[in-house]
Amino acid sequence: MILSNATLWFSGYAQLCNGSLGDPVAWINFGQGTDIGPPLPQTITNYSFVYNVCPNDGFYTITSNTSGCFGNSWHSLPQDHTPNDANGKFMLVNASNSPGVFYLDTVRGLCGGTTYEFSAFVANVLRPGFCSQAGIDPNLTFTIEKTDGTILVDYNSGDINETSTPVWIQ
């Protein structure tokens with residue numbers, strides 16, 4: 001079972017360097033509040049939405065926290081990654097064994113010949129020692145394409161390992 005928790009920010013910048021990179025061209029988050037949802041449009045993910053903070057395999061939810069999932073085999077997350085974001089929501093995905101598209105979106109208004117940075121924060125919510133050591137760690141591929149489908153760049157995270165405490169990875 002792939003267990004992943006993703007808060008995604010698509011950030012574009014005019015340059016890649018140390019220091020201030022400027023304001024994001026696009027900032028995608030999942031809202032705020034203590035209620036579950038709303039579901040994402042069906043064009044964004046091929047996973048099914050559930051009104052539950054502990055989605056089963058092949059499902060996802062939008063929530064500001066999660067706790068006690070699957071006999072406490074998942075980390076409890078009291079908030080999303082964003083600092084000072086009271087009740088900020090995140091997308092919690094419990095992927096199936098078959099790879100799927102968990103998030104797809106188009107950023108418009110970008111300029112040709114400009115360098116942009118893509119950034120996302122993800123965490124593996126599976127705690128070590130559960131699932132009879134047979135849990136499947138998230139392994140994500142991010143692909144940046146032109147609107148005609150031409151791939152500009154792709155990046156594979158490799159396995160995002162289980163950790164003793166929740167760790168958000170950029």
# chains A, B, ... in the order shown; residues from 1 in each chain; ligands from 1

$ residues_around --residues "range 129-146 of chain A" --least-positions-apart "5" --cutoff "9 Å" --atoms "only C-alpha atoms" --output "PDB file with N, CA and C atoms, in the first residue's frame"
ATOM      1  N   MET A   1       0.849  -1.159   0.000  1.00  0.00           N
ATOM      2  CA  MET A   1       0.000   0.000   0.000  1.00  0.00           C
ATOM      3  C   MET A   1       0.901   1.230   0.000  1.00  0.00           C
ATOM      4  N   ILE A   2       0.622   2.170  -0.868  1.00  0.00           N
ATOM      5  CA  ILE A   2       1.362   3.427  -0.887  1.00  0.00           C
ATOM      6  C   ILE A   2       0.600   4.415  -0.031  1.00  0.00           C
ATOM      7  N   LEU A   3       1.252   4.999   0.928  1.00  0.00           N
ATOM      8  CA  LEU A   3       0.631   5.991   1.805  1.00  0.00           C
ATOM      9  C   LEU A   3       1.350   7.301   1.590  1.00  0.00           C
ATOM     10  N   SER A   4       0.638   8.273   1.119  1.00  0.00           N
ATOM     11  CA  SER A   4       1.298   9.560   0.941  1.00  0.00           C
ATOM     12  C   SER A   4       0.383  10.687   1.341  1.00  0.00           C
ATOM     13  N   SER A  73      -1.335   3.072  12.579  1.00  0.00           N
ATOM     14  CA  SER A  73      -0.199   2.720  11.728  1.00  0.00           C
ATOM     15  C   SER A  73       0.260   3.920  10.900  1.00  0.00           C
ATOM     16  N   TRP A  74      -0.568   4.972  10.881  1.00  0.00           N
ATOM     17  CA  TRP A  74      -0.189   6.221  10.217  1.00  0.00           C
ATOM     18  C   TRP A  74       0.168   7.259  11.265  1.00  0.00           C
ATOM     19  N   ALA A  95      -2.694   5.693  -1.921  1.00  0.00           N
ATOM     20  CA  ALA A  95      -2.637   5.172  -3.280  1.00  0.00           C
ATOM     21  C   ALA A  95      -2.812   3.662  -3.304  1.00  0.00           C
ATOM     22  N   ASN A  97      -1.872  -0.149  -5.292  1.00  0.00           N
ATOM     23  CA  ASN A  97      -0.639  -0.751  -5.797  1.00  0.00           C
ATOM     24  C   ASN A  97      -0.387  -0.388  -7.251  1.00  0.00           C
ATOM     25  N   PHE A 118       9.746  24.431  -9.775  1.00  0.00           N
ATOM     26  CA  PHE A 118       8.581  23.706  -9.276  1.00  0.00           C
ATOM     27  C   PHE A 118       8.922  23.197  -7.887  1.00  0.00           C
ATOM     28  N   ALA A 123       4.903  14.032   2.457  1.00  0.00           N
ATOM     29  CA  ALA A 123       5.302  13.250   3.628  1.00  0.00           C
ATOM     30  C   ALA A 123       4.744  11.842   3.494  1.00  0.00           C
ATOM     31  N   ASN A 124       5.493  10.871   3.956  1.00  0.00           N
ATOM     32  CA  ASN A 124       5.010   9.495   4.052  1.00  0.00           C
ATOM     33  C   ASN A 124       4.373   9.366   5.432  1.00  0.00           C
ATOM     34  N   ILE A 151       7.163  16.693 -22.972  1.00  0.00           N
ATOM     35  CA  ILE A 151       7.750  16.707 -21.631  1.00  0.00           C
ATOM     36  C   ILE A 151       8.986  17.601 -21.627  1.00  0.00           C
ATOM     37  N   LEU A 152       8.970  18.599 -20.744  1.00  0.00           N
ATOM     38  CA  LEU A 152      10.121  19.485 -20.569  1.00  0.00           C
ATOM     39  C   LEU A 152      11.108  18.892 -19.581  1.00  0.00           C
ATOM     40  N   VAL A 153      10.577  18.346 -18.481  1.00  0.00           N
ATOM     41  CA  VAL A 153      11.428  17.747 -17.456  1.00  0.00           C
ATOM     42  C   VAL A 153      10.565  16.825 -16.607  1.00  0.00           C
ATOM     43  N   ASP A 154      11.164  15.778 -16.112  1.00  0.00           N
ATOM     44  CA  ASP A 154      10.482  14.974 -15.094  1.00  0.00           C
ATOM     45  C   ASP A 154      11.476  14.637 -13.998  1.00  0.00           C
ATOM     46  N   TYR A 155      10.916  14.377 -12.826  1.00  0.00           N
ATOM     47  CA  TYR A 155      11.721  14.107 -11.639  1.00  0.00           C
ATOM     48  C   TYR A 155      11.051  12.989 -10.861  1.00  0.00           C
ATOM     49  N   ASN A 156      11.832  11.993 -10.483  1.00  0.00           N
ATOM     50  CA  ASN A 156      11.311  10.909  -9.667  1.00  0.00           C
ATOM     51  C   ASN A 156      11.898  11.029  -8.272  1.00  0.00           C
ATOM     52  N   SER A 157      11.024  11.000  -7.259  1.00  0.00           N
ATOM     53  CA  SER A 157      11.456  11.174  -5.874  1.00  0.00           C
ATOM     54  C   SER A 157      12.225   9.982  -5.338  1.00  0.00           C
ATOM     55  N   GLY A 158      12.062   8.808  -5.966  1.00  0.00           N
ATOM     56  CA  GLY A 158      12.535   7.585  -5.336  1.00  0.00           C
ATOM     57  C   GLY A 158      11.620   7.315  -4.155  1.00  0.00           C
ATOM     58  N   ASP A 159      11.841   6.225  -3.458  1.00  0.00           N
ATOM     59  CA  ASP A 159      11.000   5.905  -2.308  1.00  0.00           C
ATOM     60  C   ASP A 159      11.125   6.982  -1.235  1.00  0.00           C
ATOM     61  N   ILE A 160       9.990   7.439  -0.741  1.00  0.00           N
ATOM     62  CA  ILE A 160       9.965   8.363   0.388  1.00  0.00           C
ATOM     63  C   ILE A 160       9.816   7.489   1.629  1.00  0.00           C
ATOM     64  N   ASN A 161      10.887   7.341   2.369  1.00  0.00           N
ATOM     65  CA  ASN A 161      10.956   6.370   3.456  1.00  0.00           C
ATOM     66  C   ASN A 161      10.064   6.719   4.638  1.00  0.00           C
ATOM     67  N   GLU A 162       9.708   5.680   5.373  1.00  0.00           N
ATOM     68  CA  GLU A 162       8.970   5.839   6.628  1.00  0.00           C
ATOM     69  C   GLU A 162       9.899   6.464   7.657  1.00  0.00           C
TER      70      GLU A 162
END

$ residues_around --residues "range 54-65 of chain A" --least-positions-apart "3" --cutoff "10 Å" --atoms "only C-alpha atoms" --output "PyMOL selection string"
chain A and resi 1-7+30-40+45-51+68-70+74+76-80+85-100+102

$ closest_residue --among "A:Thr43, A:Thr147, A:Thr66, A:Thr82" --to "Phe121 in chain A" --atoms "only C-alpha atoms"
A:Thr82

$ select_by_dssp --residues "chain A" --states "strand (DSSP E or B)" --output "count of residues only"
50

$ closest_residue --among "A:Val53, A:Cys111, A:Ala120, A:Ile169" --to "Ile28 in chain A" --atoms "only C-alpha atoms"
A:Ala120

$ atom_distance --atom1 "CA of Asp148 in chain A" --atom2 "CA of Val122 in chain A"
27.6 Å

$ residues_around --residues "Leu110 in chain A" --least-positions-apart "3" --cutoff "9 Å" --atoms "only C-alpha atoms" --output "NGL selection string"
:A and (12 or 25 or 107 or 114 or 116)

$ atom_distance --atom1 "CA of Asn29 in chain A" --atom2 "CA of Gly149 in chain A"
24.1 Å

$ atom_distance --atom1 "CA of Asn72 in chain A" --atom2 "CA of Gln170 in chain A"
24.9 Å

$ closest_residue --among "A:Val125, A:Tyr103, A:Gly71, A:Ser119" --to "Gln42 in chain A" --atoms "only C-alpha atoms"
A:Tyr103

$ residues_around --residues "His75 in chain A" --least-positions-apart "5" --cutoff "7 Å" --atoms "only C-alpha atoms" --output "ChimeraX atom specification"
/A:125-127,166
